[in-house]
>>> print(open('structure_37.pdb').read())   # PDB, C-alpha atoms
ATOM      1  CA  MET M   1     232.908 141.975 136.499
ATOM      2  CA  GLY M   2     236.382 143.539 136.274
ATOM      3  CA  PRO M   3     236.829 147.197 135.431
ATOM      4  CA  PHE M   4     238.033 146.324 131.941
ATOM      5  CA  LEU M   5     235.025 144.155 131.218
ATOM      6  CA  ARG M   6     232.729 146.807 132.597
ATOM      7  CA  MET M   7     234.301 149.420 130.323
ATOM      8  CA  LEU M   8     233.976 147.087 127.328
ATOM      9  CA  PHE M   9     230.336 146.487 128.173
ATOM     10  CA  VAL M  10     229.600 150.195 128.422
ATOM     11  CA  ALA M  11     231.407 150.812 125.122
ATOM     12  CA  LEU M  12     229.426 148.079 123.406
ATOM     13  CA  LEU M  13     226.191 149.482 124.768
ATOM     14  CA  ALA M  14     227.130 152.937 123.463
ATOM     15  CA  VAL M  15     227.872 151.527 119.995
ATOM     16  CA  ALA M  16     224.613 149.608 119.933
ATOM     17  CA  GLY M  17     222.758 152.737 121.050
ATOM     18  CA  ALA M  18     224.396 154.812 118.336
ATOM     19  CA  ALA M  19     223.531 152.264 115.652
ATOM     20  CA  HIS M  20     219.942 152.259 116.792
ATOM     21  CA  ALA M  21     219.735 156.037 117.041
ATOM     22  CA  GLN M  22     221.006 156.307 113.473
ATOM     23  CA  ALA M  23     217.941 154.538 112.136
ATOM     24  CA  ILE M  24     215.638 157.033 113.802
ATOM     25  CA  GLU M  25     216.490 160.609 112.959
ATOM     26  CA  PRO M  26     215.277 163.187 115.448
ATOM     27  CA  MET M  27     211.732 164.322 114.756
ATOM     28  CA  PRO M  28     210.040 167.358 116.243
ATOM     29  CA  PHE M  29     207.487 165.506 118.352
ATOM     30  CA  ALA M  30     204.850 167.591 120.093
ATOM     31  CA  ASN M  31     205.479 165.771 123.367
ATOM     32  CA  HIS M  32     206.997 162.651 124.869
ATOM     33  CA  ALA M  33     203.720 160.720 124.729
ATOM     34  CA  GLN M  34     203.562 161.270 120.974
ATOM     35  CA  GLU M  35     207.131 160.063 120.596
ATOM     36  CA  LEU M  36     206.308 156.884 122.522
ATOM     37  CA  ARG M  37     203.211 156.378 120.403
ATOM     38  CA  PHE M  38     205.288 156.806 117.234
ATOM     39  CA  GLN M  39     207.862 154.285 118.412
ATOM     40  CA  HIS M  40     205.199 151.805 119.452
ATOM     41  CA  LEU M  41     203.423 152.122 116.102
ATOM     42  CA  THR M  42     206.524 151.892 113.892
ATOM     43  CA  ARG M  43     207.579 148.770 115.777
ATOM     44  CA  GLN M  44     204.363 146.991 114.717
ATOM     45  CA  LEU M  45     204.944 147.758 111.041
ATOM     46  CA  ARG M  46     207.200 145.922 108.643
ATOM     47  CA  CYS M  47     209.544 147.640 106.216
ATOM     48  CA  PRO M  48     208.413 146.544 102.728
ATOM     49  CA  MET M  49     211.956 146.661 101.369
ATOM     50  CA  CYS M  50     213.966 144.815 104.015
ATOM     51  CA  GLN M  51     211.275 142.471 105.144
ATOM     52  CA  ASN M  52     212.780 141.249 108.391
ATOM     53  CA  GLU M  53     213.041 144.731 109.865
ATOM     54  CA  THR M  54     210.439 146.949 111.445
ATOM     55  CA  LEU M  55     209.857 150.462 110.188
ATOM     56  CA  ALA M  56     211.375 151.619 113.462
ATOM     57  CA  ASP M  57     214.656 149.782 112.910
ATOM     58  CA  SER M  58     215.174 149.963 109.188
ATOM     59  CA  ASN M  59     217.614 152.280 107.482
ATOM     60  CA  ALA M  60     216.143 151.699 104.020
ATOM     61  CA  PRO M  61     215.106 154.907 102.212
ATOM     62  CA  ILE M  62     211.514 153.694 101.920
ATOM     63  CA  ALA M  63     211.393 153.052 105.678
ATOM     64  CA  ARG M  64     212.599 156.611 106.282
ATOM     65  CA  ASP M  65     209.953 157.963 103.900
ATOM     66  CA  LEU M  66     207.227 155.933 105.579
ATOM     67  CA  ARG M  67     208.364 157.055 109.052
ATOM     68  CA  ASN M  68     208.165 160.662 107.863
ATOM     69  CA  GLN M  69     204.721 159.996 106.402
ATOM     70  CA  ILE M  70     203.545 158.435 109.692
ATOM     71  CA  PHE M  71     204.935 161.421 111.567
ATOM     72  CA  ARG M  72     203.078 163.822 109.259
ATOM     73  CA  MET M  73     199.844 161.875 109.699
ATOM     74  CA  MET M  74     200.267 161.979 113.477
ATOM     75  CA  GLN M  75     200.638 165.751 113.328
ATOM     76  CA  GLN M  76     197.390 165.824 111.335
ATOM     77  CA  GLY M  77     195.714 164.035 114.234
ATOM     78  CA  LYS M  78     195.272 160.657 112.503
ATOM     79  CA  SER M  79     194.749 157.661 114.788
ATOM     80  CA  ASP M  80     196.989 154.582 114.800
ATOM     81  CA  GLU M  81     194.197 152.658 113.099
ATOM     82  CA  GLN M  82     193.879 155.243 110.323
ATOM     83  CA  ILE M  83     197.635 155.206 109.756
ATOM     84  CA  LYS M  84     197.676 151.411 109.565
ATOM     85  CA  GLN M  85     194.781 151.461 107.102
ATOM     86  CA  TYR M  86     196.625 154.017 104.998
ATOM     87  CA  LEU M  87     199.658 151.742 104.787
ATOM     88  CA  VAL M  88     197.670 148.535 104.236
ATOM     89  CA  ALA M  89     195.805 150.197 101.349
ATOM     90  CA  ARG M  90     199.165 150.784  99.652
ATOM     91  CA  TYR M  91     201.395 147.922 100.794
ATOM     92  CA  SER M  92     198.789 145.242 101.702
ATOM     93  CA  ASP M  93     198.585 143.314 104.988
ATOM     94  CA  PHE M  94     202.260 142.626 104.515
ATOM     95  CA  VAL M  95     203.214 145.776 106.435
ATOM     96  CA  LEU M  96     201.463 144.521 109.557
ATOM     97  CA  TYR M  97     203.545 142.213 111.726
ATOM     98  CA  ASP M  98     200.288 140.785 113.060
ATOM     99  CA  PRO M  99     198.164 140.010 110.005
ATOM    100  CA  PRO M 100     194.410 140.411 110.621
ATOM    101  CA  LEU M 101     192.289 137.291 110.948
ATOM    102  CA  SER M 102     190.550 136.690 107.617
ATOM    103  CA  ALA M 103     189.607 133.855 105.260
ATOM    104  CA  ARG M 104     193.067 134.127 103.712
ATOM    105  CA  THR M 105     194.977 134.059 106.979
ATOM    106  CA  TRP M 106     193.103 131.590 109.177
ATOM    107  CA  LEU M 107     195.531 128.815 108.225
ATOM    108  CA  LEU M 108     198.402 131.087 109.241
ATOM    109  CA  TRP M 109     196.809 131.748 112.621
ATOM    110  CA  PHE M 110     195.475 128.280 113.401
ATOM    111  CA  GLY M 111     197.846 126.124 111.333
ATOM    112  CA  PRO M 112     200.271 125.589 114.229
ATOM    113  CA  LEU M 113     197.381 124.570 116.501
ATOM    114  CA  LEU M 114     196.119 122.115 113.836
ATOM    115  CA  ILE M 115     199.580 120.588 113.506
ATOM    116  CA  LEU M 116     199.829 120.305 117.299
ATOM    117  CA  LEU M 117     196.438 118.575 117.482
ATOM    118  CA  GLY M 118     197.411 116.310 114.590
ATOM    119  CA  GLY M 119     200.632 115.372 116.371
ATOM    120  CA  ALA M 120     198.722 114.692 119.599
ATOM    121  CA  GLY M 121     196.343 112.444 117.635
ATOM    122  CA  VAL M 122     199.238 110.450 116.154
ATOM    123  CA  VAL M 123     200.838 110.023 119.584
ATOM    124  CA  LEU M 124     197.506 108.955 121.092
ATOM    125  CA  VAL M 125     196.898 106.336 118.395
ATOM    126  CA  ALA M 126     200.476 105.051 118.735
ATOM    127  CA  ILE M 127     200.155 104.694 122.526
ATOM    128  CA  ARG M 128     196.813 102.957 122.260
ATOM    129  CA  ARG M 129     198.110 100.542 119.619
ATOM    130  CA  ARG M 130     201.205  99.759 121.671
ATOM    131  CA  ASN M 131     199.121  99.084 124.786
ATOM    132  CA  ARG M 132     196.861  96.719 122.882
ATOM    133  CA  ALA M 133     199.853  94.958 121.305
ATOM    134  CA  GLY M 134     201.520  94.725 124.724
ATOM    135  CA  SER M 135     198.497  93.172 126.485
ATOM    136  CA  ALA M 136     197.890  90.825 123.537
ATOM    137  CA  ALA M 137     201.521  89.637 123.693
ATOM    138  CA  ILE M 138     201.217  88.765 127.373
ATOM    139  CA  THR M 139     198.089  86.665 126.930
ATOM    140  CA  GLU M 140     199.510  84.936 123.879
ATOM    141  CA  VAL M 141     202.748  83.692 125.406
ATOM    142  CA  PRO M 142     202.327  79.972 125.994
ATOM    143  CA  ALA M 143     202.635  78.923 129.628
ATOM    144  CA  GLY M 144     205.815  76.896 129.045
ATOM    145  CA  ASP M 145     207.678  79.804 127.458
ATOM    146  CA  ARG M 146     206.902  82.233 130.220
ATOM    147  CA  PRO M 147     209.894  83.430 132.126
ATOM    148  CA  ILE M 148     209.795  81.775 135.517
ATOM    149  CA  ASP M 149     210.022  83.995 138.512
ATOM    150  CA  ASN M 150     211.597  81.822 141.097
ATOM    151  CA  GLY M 151     211.820  84.668 143.555
ATOM    152  CA  ASP M 152     215.606  84.989 143.237
ATOM    153  CA  ASP M 153     216.907  88.502 143.608
ATOM    154  CA  TRP M 154     219.624  89.364 141.133
TER     155      TRP M 154
ATOM    156  CA  MET I   1     202.813  98.755 106.903
ATOM    157  CA  SER I   2     203.892 100.343 110.154
ATOM    158  CA  ARG I   3     207.524  99.876 109.060
ATOM    159  CA  LEU I   4     206.760 101.881 105.934
ATOM    160  CA  LEU I   5     205.271 104.717 107.993
ATOM    161  CA  PRO I   6     208.539 106.604 108.674
ATOM    162  CA  PHE I   7     209.427 106.280 104.998
ATOM    163  CA  ILE I   8     206.042 107.640 103.963
ATOM    164  CA  GLY I   9     206.474 110.527 106.413
ATOM    165  CA  PHE I  10     209.921 111.198 104.979
ATOM    166  CA  MET I  11     208.599 111.188 101.412
ATOM    167  CA  LEU I  12     205.818 113.593 102.415
ATOM    168  CA  LEU I  13     208.434 115.980 103.804
ATOM    169  CA  VAL I  14     210.539 115.586 100.644
ATOM    170  CA  GLY I  15     207.455 116.422  98.616
ATOM    171  CA  LEU I  16     206.677 119.456 100.764
ATOM    172  CA  PHE I  17     210.223 120.843 100.607
ATOM    173  CA  GLY I  18     210.464 120.080  96.895
ATOM    174  CA  PHE I  19     207.248 121.997  96.332
ATOM    175  CA  GLY I  20     208.668 124.899  98.356
ATOM    176  CA  ILE I  21     211.794 125.022  96.217
ATOM    177  CA  TRP I  22     209.756 124.820  93.012
ATOM    178  CA  TRP I  23     207.363 127.523  94.253
ATOM    179  CA  ASN I  24     210.238 129.880  95.025
ATOM    180  CA  THR I  25     211.703 129.450  91.543
ATOM    181  CA  GLN I  26     208.317 130.436  90.078
ATOM    182  CA  HIS I  27     207.586 133.309  92.466
ATOM    183  CA  ASP I  28     209.543 136.122  94.021
ATOM    184  CA  PRO I  29     209.081 135.439  97.740
ATOM    185  CA  ASN I  30     209.840 139.095  98.516
ATOM    186  CA  ALA I  31     207.263 140.533  96.136
ATOM    187  CA  ILE I  32     204.386 142.131  97.999
ATOM    188  CA  PRO I  33     201.019 141.660  96.301
ATOM    189  CA  THR I  34     199.703 145.084  95.497
ATOM    190  CA  PRO I  35     196.245 145.888  96.843
ATOM    191  CA  LEU I  36     195.953 148.411  93.985
ATOM    192  CA  LEU I  37     195.551 145.794  91.259
ATOM    193  CA  ASN I  38     192.406 146.404  89.172
ATOM    194  CA  LYS I  39     191.774 149.609  91.087
ATOM    195  CA  PRO I  40     192.133 153.170  89.826
ATOM    196  CA  ALA I  41     195.708 154.372  89.956
ATOM    197  CA  PRO I  42     196.263 157.022  92.620
ATOM    198  CA  ALA I  43     196.049 160.627  91.498
ATOM    199  CA  PHE I  44     199.387 162.292  90.898
ATOM    200  CA  ASN I  45     200.776 165.537  89.619
ATOM    201  CA  LEU I  46     204.495 165.385  88.971
ATOM    202  CA  PRO I  47     206.976 167.552  87.079
ATOM    203  CA  LYS I  48     208.504 166.368  83.836
ATOM    204  CA  LEU I  49     212.136 165.372  84.207
ATOM    205  CA  TYR I  50     213.371 167.531  81.329
ATOM    206  CA  GLU I  51     210.904 170.415  81.790
ATOM    207  CA  PRO I  52     210.344 170.646  85.550
ATOM    208  CA  ALA I  53     208.120 173.704  85.094
ATOM    209  CA  GLN I  54     205.522 171.488  83.401
ATOM    210  CA  THR I  55     203.637 168.906  85.383
ATOM    211  CA  VAL I  56     201.856 165.756  84.293
ATOM    212  CA  SER I  57     198.780 164.542  86.142
ATOM    213  CA  LYS I  58     196.883 161.299  86.051
ATOM    214  CA  ALA I  59     194.073 163.073  84.169
ATOM    215  CA  ASP I  60     196.533 164.158  81.447
ATOM    216  CA  LEU I  61     197.362 160.531  80.707
ATOM    217  CA  LEU I  62     193.786 159.226  80.588
ATOM    218  CA  GLY I  63     192.556 157.939  77.233
ATOM    219  CA  LYS I  64     195.666 155.989  76.305
ATOM    220  CA  PRO I  65     197.087 152.982  78.133
ATOM    221  CA  TYR I  66     200.657 153.246  79.375
ATOM    222  CA  LEU I  67     203.344 151.342  81.183
ATOM    223  CA  LEU I  68     204.589 153.315  84.173
ATOM    224  CA  ASN I  69     208.148 152.218  84.847
ATOM    225  CA  VAL I  70     209.663 153.254  88.179
ATOM    226  CA  PHE I  71     213.432 153.641  87.866
ATOM    227  CA  ALA I  72     216.372 155.505  89.351
ATOM    228  CA  SER I  73     220.006 156.052  88.442
ATOM    229  CA  TRP I  74     221.060 154.608  91.830
ATOM    230  CA  CYS I  75     219.138 151.401  91.245
ATOM    231  CA  ILE I  76     221.400 148.599  90.061
ATOM    232  CA  GLU I  77     218.666 146.312  88.785
ATOM    233  CA  CYS I  78     217.299 149.158  86.652
ATOM    234  CA  GLY I  79     220.509 148.830  84.643
ATOM    235  CA  VAL I  80     219.660 145.166  84.141
ATOM    236  CA  GLU I  81     216.149 146.044  83.029
ATOM    237  CA  HIS I  82     217.130 148.942  80.777
ATOM    238  CA  PRO I  83     218.231 146.965  77.676
ATOM    239  CA  VAL I  84     214.998 144.957  77.892
ATOM    240  CA  LEU I  85     212.919 148.153  77.948
ATOM    241  CA  THR I  86     214.936 149.539  75.047
ATOM    242  CA  ALA I  87     214.417 146.385  72.984
ATOM    243  CA  GLU I  88     210.819 145.557  73.946
ATOM    244  CA  GLY I  89     209.408 149.044  74.595
ATOM    245  CA  PRO I  90     208.518 149.841  70.952
ATOM    246  CA  THR I  91     206.853 146.425  70.503
ATOM    247  CA  LEU I  92     204.519 146.728  73.482
ATOM    248  CA  GLY I  93     201.857 148.855  71.825
ATOM    249  CA  VAL I  94     201.482 151.152  74.844
ATOM    250  CA  GLN I  95     203.197 154.370  75.861
ATOM    251  CA  LEU I  96     206.245 153.970  78.038
ATOM    252  CA  VAL I  97     206.229 156.479  80.893
ATOM    253  CA  GLY I  98     209.395 156.704  82.974
ATOM    254  CA  TYR I  99     208.886 157.446  86.677
ATOM    255  CA  ASN I 100     212.166 158.716  88.057
ATOM    256  CA  TYR I 101     212.079 157.778  91.738
ATOM    257  CA  LYS I 102     214.002 159.572  94.510
ATOM    258  CA  ASP I 103     216.727 160.650  92.166
ATOM    259  CA  ALA I 104     218.674 163.852  91.654
ATOM    260  CA  PRO I 105     217.471 165.144  88.241
ATOM    261  CA  ASP I 106     221.050 165.568  87.007
ATOM    262  CA  ASP I 107     221.925 161.985  87.972
ATOM    263  CA  ALA I 108     218.842 160.730  86.142
ATOM    264  CA  LYS I 109     219.617 162.760  83.018
ATOM    265  CA  GLY I 110     223.229 161.584  83.057
ATOM    266  CA  TRP I 111     222.105 157.960  83.422
ATOM    267  CA  LEU I 112     219.676 158.298  80.498
ATOM    268  CA  ALA I 113     222.320 160.028  78.370
ATOM    269  CA  LYS I 114     224.690 157.145  79.043
ATOM    270  CA  HIS I 115     222.299 154.229  78.576
ATOM    271  CA  GLY I 116     219.763 155.732  76.168
ATOM    272  CA  ASN I 117     216.214 156.906  76.730
ATOM    273  CA  PRO I 118     213.516 154.337  75.931
ATOM    274  CA  TYR I 119     210.692 156.442  77.424
ATOM    275  CA  ASP I 120     207.991 158.387  75.596
ATOM    276  CA  LEU I 121     207.507 160.604  78.634
ATOM    277  CA  LEU I 122     209.515 161.133  81.802
ATOM    278  CA  ILE I 123     208.199 162.333  85.138
ATOM    279  CA  ALA I 124     210.191 162.867  88.298
ATOM    280  CA  ASP I 125     209.313 162.169  91.934
ATOM    281  CA  GLU I 126     212.374 163.343  93.803
ATOM    282  CA  PRO I 127     210.835 163.423  97.317
ATOM    283  CA  GLY I 128     209.085 160.064  96.776
ATOM    284  CA  HIS I 129     205.739 161.076  98.347
ATOM    285  CA  THR I 130     203.604 160.101  95.344
ATOM    286  CA  ALA I 131     205.436 156.776  95.126
ATOM    287  CA  ILE I 132     204.009 155.852  98.539
ATOM    288  CA  ASP I 133     200.502 156.208  97.062
ATOM    289  CA  PHE I 134     201.531 153.717  94.376
ATOM    290  CA  GLY I 135     202.865 151.335  97.025
ATOM    291  CA  VAL I 136     206.351 151.601  95.547
ATOM    292  CA  TYR I 137     209.064 150.338  97.868
ATOM    293  CA  GLY I 138     211.973 149.870  95.544
ATOM    294  CA  ALA I 139     212.961 150.145  91.959
ATOM    295  CA  PRO I 140     212.408 148.930  89.374
ATOM    296  CA  GLU I 141     208.650 148.470  89.485
ATOM    297  CA  SER I 142     206.256 148.603  86.555
ATOM    298  CA  PHE I 143     202.530 149.380  86.428
ATOM    299  CA  LEU I 144     200.339 148.760  83.415
ATOM    300  CA  ILE I 145     197.604 151.405  83.486
ATOM    301  CA  ASP I 146     194.695 151.307  81.057
ATOM    302  CA  ALA I 147     192.957 154.138  79.230
ATOM    303  CA  ARG I 148     190.545 154.613  82.143
ATOM    304  CA  GLY I 149     193.393 154.948  84.616
ATOM    305  CA  VAL I 150     192.996 151.504  86.210
ATOM    306  CA  ILE I 151     196.076 149.499  87.216
ATOM    307  CA  ARG I 152     195.882 146.250  85.248
ATOM    308  CA  TYR I 153     199.192 144.634  86.074
ATOM    309  CA  LYS I 154     202.155 145.246  88.327
ATOM    310  CA  HIS I 155     205.612 143.792  88.267
ATOM    311  CA  ILE I 156     208.158 144.245  91.039
ATOM    312  CA  GLY I 157     211.798 143.900  90.045
ATOM    313  CA  PRO I 158     213.389 144.108  86.624
ATOM    314  CA  LEU I 159     211.338 143.262  83.545
ATOM    315  CA  THR I 160     213.139 140.364  81.898
ATOM    316  CA  PRO I 161     212.433 139.092  78.360
ATOM    317  CA  GLU I 162     210.656 136.170  80.026
ATOM    318  CA  VAL I 163     208.405 138.376  82.186
ATOM    319  CA  VAL I 164     207.611 140.573  79.173
ATOM    320  CA  ALA I 165     206.658 137.560  77.048
ATOM    321  CA  LYS I 166     204.797 135.555  79.690
ATOM    322  CA  GLU I 167     203.130 138.258  81.801
ATOM    323  CA  LEU I 168     203.314 141.796  80.449
ATOM    324  CA  LYS I 169     202.364 141.142  76.824
ATOM    325  CA  PRO I 170     199.419 138.869  77.699
ATOM    326  CA  ALA I 171     198.230 141.530  80.186
ATOM    327  CA  ILE I 172     198.462 144.201  77.478
ATOM    328  CA  ALA I 173     196.658 141.943  74.988
ATOM    329  CA  ALA I 174     193.846 141.248  77.476
ATOM    330  CA  MET I 175     193.531 144.967  78.209
ATOM    331  CA  LEU I 176     193.433 146.016  74.535
ATOM    332  CA  LYS I 177     190.923 143.283  73.719
ATOM    333  CA  GLU I 178     188.569 144.549  76.381
ATOM    334  CA  ALA I 179     188.837 148.259  75.548
ATOM    335  CA  PRO I 180     190.753 148.948  72.345
TER     336      PRO I 180
END
>>> encode(input="structure_37.pdb", output="structure tokens")
Amino acid sequence: MGPFLRMLFVALLAVAGAAHAQAIEPMPFANHAQELRFQHLTRQLRCPMCQNETLADSNAPIARDLRNQIFRMMQQGKSDEQIKQYLVARYSDFVLYDPPLSARTWLLWFGPLLILLGGAGVVLVAIRRRNRAGSAAITEVPAGDRPIDNGDDW
Amino acid sequence: MSRLLPFIGFMLLVGLFGFGIWWNTQHDPNAIPTPLLNKPAPAFNLPKLYEPAQTVSKADLLGKPYLLNVFASWCIECGVEHPVLTAEGPTLGVQLVGYNYKDAPDDAKGWLAKHGNPYDLLIADEPGHTAIDFGVYGAPESFLIDARGVIRYKHIGPLTPEVVAKELKPAIAAMLKEAP
């Protein structure tokens, strides 16, 4: 990597870092462990407004409000589970990136596996049918029509 | 038969995708179902927009059903909804309570002065804390709350004449029939 490229790379990294830092305004965390816990938690939660972003990444006003609320709840000594329950009670399972396994979500969790098994079944049937057709064809070819192997190499 | 199989598979996919397109025209794919439906509305105590010294609580509004309409002067779609509220509001048969969301009071008052005020009562939530309890994540949103303080219906996004006729008014009728 030439010096120019290296400089460009560093500049790009700095820009990306700045853009990311903008989404998360500094918060007076009690300690580093709490900050890590906050970041880990907000990354598992979806912003209800901009639904392809996590609460950690989103710049939407509601995401900022929810981050502040999560921060406040952490200061009150609430556990991650309590904070998630608080949000689910207001914004439904939608805020969780991993929806819980329930009667409503089993298709979501196991649907891909069902489709995979279904596909495997189709392939299996197709192979079996082809094998049967292939062996039947060989026995059915009349002796006179059979290609004659006279041993010549070609 | 086996020659028809790919065609049948193709038609199944066409059916599936067609259903998806139809479904998305009937539903807002971004609307989050509220877990608060048919549950008591969260408690609140918010200042009035025009008399900030006075507050309005959930208890103050019990006894009469109302439509709580979350709006803000910065919200573009609220401008789309506003003429519908102005036209349909008086015909709904319930109080119209404006919930000014994360707005500077002066901006809100200016917006209402410009477009007209269809609300019977206006409350303001400038910090937006109470709105989290309502599961609000954008504006406009509307909650139909009955006389006992239970949320009977919620709509996310602007109320259009179609939504009012097909969803809101039937919800109000069902509510009034049950507890007039």
>>> resolve_selection(input="structure_37.pdb", expression="the PyMOL selection byres ((chain M) within 10 of (chain I))", output="list of chain:residue names")
M:Cys47, M:Pro48, M:Met49, M:Cys50, M:Gln51, M:Ala60, M:Pro61, M:Ile62, M:Ala63, M:Asp65, M:Leu66, M:Asn68, M:Gln69, M:Tyr86, M:Leu87, M:Val88, M:Ala89, M:Arg90, M:Tyr91, M:Ser92, M:Asp93, M:Phe94, M:Val95
>>> resolve_selection(input="structure_37.pdb", expression="the PyMOL selection byres ((chain I and resi 176) around 10)", output="ChimeraX atom specification")
/I:65,93-94,146-147,170-175,177-180
>>> atom_distance(input="structure_37.pdb", atom1="atom CA of Asn69 of chain I", atom2="atom CA of Lys154 of chain I")
9.8 Å
>>> resolve_selection(input="structure_37.pdb", expression="the PyMOL selection byres ((chain I and resi 50-60) around 12)", output="VMD selection string")
chain I and resid 40 to 49 61 to 66 68 97 to 100 105 to 106 108 to 110 112 117 121 to 126 130 145 to 151
>>> atom_distance(input="structure_37.pdb", atom1="atom CA of Phe110 of chain M", atom2="atom CA of Asp80 of chain M")
26.4 Å
>>> atom_distance(input="structure_37.pdb", atom1="atom CA of Pro161 of chain I", atom2="atom CA of Tyr101 of chain I")
23.0 Å
>>> closest_residue(input="structure_37.pdb", among="M:Gln85, M:His32, M:Arg104, M:Ala56", to="Met73 of chain M", atoms="only C-alpha atoms")
M:Gln85
>>> residues_near_point(input="structure_37.pdb", point="(209.2, 147.6, 90.4)", cutoff="6 Å", atoms="only C-alpha atoms", output="MDAnalysis selection string")
chainID I and resid 139:142 155:157
>>> closest_residue(input="structure_37.pdb", among="I:Met11, I:Val164, I:Leu4, I:Leu16", to="Thr91 of chain I", atoms="all atoms listed in the file")
I:Val164
